[in-house]
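Everything on this sheet refers to the single structure shown next.
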Amino acid sequence: MKLGRLFVVAGLALAAAPPALAQSIAEAGVAVGVMVYGPQGNEVGPVENIQGDVVVINTGGNSAALAGSSFVKGPKGPVIGYTQAQLDEAVEGAKRAAQAKLDAALVPGAALRSSDGVAVGTIKALNEDGTILIEGTSQTFALARDAFAADDTGPMLR
């Protein structure tokens with residue numbers, strides 16, 4: 001999976017199929033290229049790829065990752081508990097939330113770490129050109145804003 005692509009797994013998986021109806025990916029008829037349908041039988045989008053138990057659906061506007069247990073076998077093919085519009089809105093909402101979290105985390109003085117938790121340095125400034133100035137342990141350097149993400153513990157490099 002590409003780092004730049006936003007995947008919405010946990011929240012979307014919970015709202016899809018009732019646990020009692022959850023099936024394996026194969027039992028639900030999920031395969032790359034197969035069309036996925038919403039609860040009313042309307043097309044949501046084709047399966048873009050499968051990695052382990054994560055299935056990526058392309059709605060035409062977004063790519064969304066769902067847990068394999070989110071799919072059940074329907075009369076036309078695999079079914080999830082979202083319409084295309086609902087899935088797009090869920091992905092867009094997750095993008096907005098991630099952007100707000102990143103905006104709040106990228107402040108001068110914030111400790112910066114790598115994605116595996118290793119301390120990298122401190123955010124020194126937000127430059128007018130959109131880059132972030134980092135004061136590392138041995139040097140000061142700037143990185144593009146898209147090199148950063150944030151979680152509940154603060155900013156990190158992707």
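In the structure tokens, each chain is lettered A, B, ... as it comes, each chain's residues begin at 1, and ligands are numbered from 1 in order of appearance.
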Who sits within 12 Å of A:Gln139, only C-alpha atoms, same chain under 2 positions skipped, as a list in words
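Near neighbours after the sequence-gap exclusion: Val120, Gly121, Thr122, Lys124, Leu133, Ile134, Glu135, Gly136, Thr137, Phe141 and Ala142 of chain A.
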I'd like the contact shell of stretch 96-101 of chain A - 12 Å cut-off, only C-alpha atoms, skipping same-chain residues fewer than 5 positions apart - returned as a list in words.
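So, after excluding close chain neighbours, the residues are Leu6, Phe7, Val8, Glu89, Ala90, Val91, Leu106, Val107, Arg145, Asp146, Phe148, Ala149, Ala150, Asp151, Asp152, Thr153, Gly154, Pro155 and Met156 of chain A.
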Using only C-alpha atoms, determine which residues lie at most 12 Å from A:Glu43, disregarding the query and same-chain residues fewer than 4 positions distant; provide the list as a PyMOL selection string.
chain A and resi 34-39+47+57-60+74+76-85+87
Which of stretch 16-141 of chain A counts as alpha helix (DSSP H) under DSSP, as a ChimeraX atom specification please?
/A:84-105
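The nearest approach to A:Gly29 among the residues A:Ala110, A:Ala64, A:Ala125, A:Val72, with only C-alpha atoms taken into account, belongs to A:Val72.
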Expected answer as a VMD selection string: strand (DSSP E or B) residues in chain A
chain A and resid 35 to 37 43 to 51 54 to 58 63 to 67 72 to 73 78 to 79 111 to 113 119 to 126 131 to 136 140 to 144 148 to 151 154 to 157
Would you write out those residues with C-alpha atoms, as a CSV table (one decimal), in the first residue's frame?
```csv
chain,number,residue,atom,x,y,z
A,35,MET,CA,-17.5,-5.1,-8.1
A,36,VAL,CA,-18.6,-4.5,-4.5
A,37,TYR,CA,-22.2,-3.6,-3.7
A,43,GLU,CA,-22.4,-0.5,-7.0
A,44,VAL,CA,-19.9,0.9,-4.5
A,45,GLY,CA,-16.7,0.2,-6.5
A,46,PRO,CA,-14.3,-2.5,-7.6
A,47,VAL,CA,-11.8,-4.2,-5.4
A,48,GLU,CA,-8.5,-2.6,-6.1
A,49,ASN,CA,-6.2,-4.9,-4.1
A,50,ILE,CA,-6.2,-7.3,-1.2
A,51,GLN,CA,-3.4,-7.6,1.4
A,54,VAL,CA,-7.5,-5.8,4.2
A,55,VAL,CA,-9.5,-5.2,1.1
A,56,VAL,CA,-9.2,-1.9,-0.8
A,57,ILE,CA,-12.2,-0.6,-2.7
A,58,ASN,CA,-11.9,2.2,-5.3
A,63,SER,CA,-9.7,4.3,-2.1
A,64,ALA,CA,-10.9,2.8,1.2
A,65,ALA,CA,-9.5,-0.2,3.0
A,66,LEU,CA,-11.9,-2.4,4.9
A,67,ALA,CA,-11.4,-5.5,7.0
A,72,VAL,CA,-20.9,-10.8,3.0
A,73,LYS,CA,-22.0,-12.6,-0.1
A,78,PRO,CA,-19.8,-9.0,-2.3
A,79,VAL,CA,-21.8,-6.6,-0.1
A,111,ALA,CA,9.0,16.7,19.6
A,112,LEU,CA,9.2,14.8,16.3
A,113,ARG,CA,9.7,11.1,16.0
A,119,ALA,CA,13.2,10.6,18.4
A,120,VAL,CA,14.2,12.7,15.3
A,121,GLY,CA,14.3,16.2,16.7
A,122,THR,CA,12.1,19.2,17.4
A,123,ILE,CA,10.0,21.3,15.1
A,124,LYS,CA,11.7,24.7,14.9
A,125,ALA,CA,9.4,26.6,12.4
A,126,LEU,CA,6.7,26.3,9.8
A,131,THR,CA,8.1,23.1,4.5
A,132,ILE,CA,8.7,22.3,8.2
A,133,LEU,CA,12.1,23.2,9.7
A,134,ILE,CA,13.4,20.5,12.0
A,135,GLU,CA,16.2,20.9,14.6
A,136,GLY,CA,17.8,17.4,14.7
A,140,THR,CA,18.8,21.5,11.1
A,141,PHE,CA,16.8,20.5,8.0
A,142,ALA,CA,13.5,21.1,6.3
A,143,LEU,CA,11.0,18.6,5.0
A,144,ALA,CA,7.8,19.0,2.9
A,148,PHE,CA,4.5,14.2,8.2
A,149,ALA,CA,1.6,12.4,9.9
A,150,ALA,CA,0.2,12.7,13.5
A,151,ASP,CA,-1.3,10.4,16.0
A,154,GLY,CA,2.1,14.0,18.3
A,155,PRO,CA,3.8,14.5,15.0
A,156,MET,CA,5.9,11.9,13.2
A,157,LEU,CA,7.6,11.3,10.0
```
Between A:Asn127, A:Gly52, A:Pro75, A:Asp88, which has the minimum distance to A:Pro108 (counting only C-alpha atoms)?
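Residue with the minimum atom-to-atom distance to A:Pro108: A:Asn127.
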From A:Arg158, A:Ala31, A:Asp53, A:Ala94, residue lying nearest A:Ser69 [only C-alpha atoms]
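Under the stated criterion, the closest residue is A:Asp53.
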Atom CA of A:Gly109 to atom CA of A:Gly130, straight-line distance in Å
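Distance between the two atoms: 17.0 Å.
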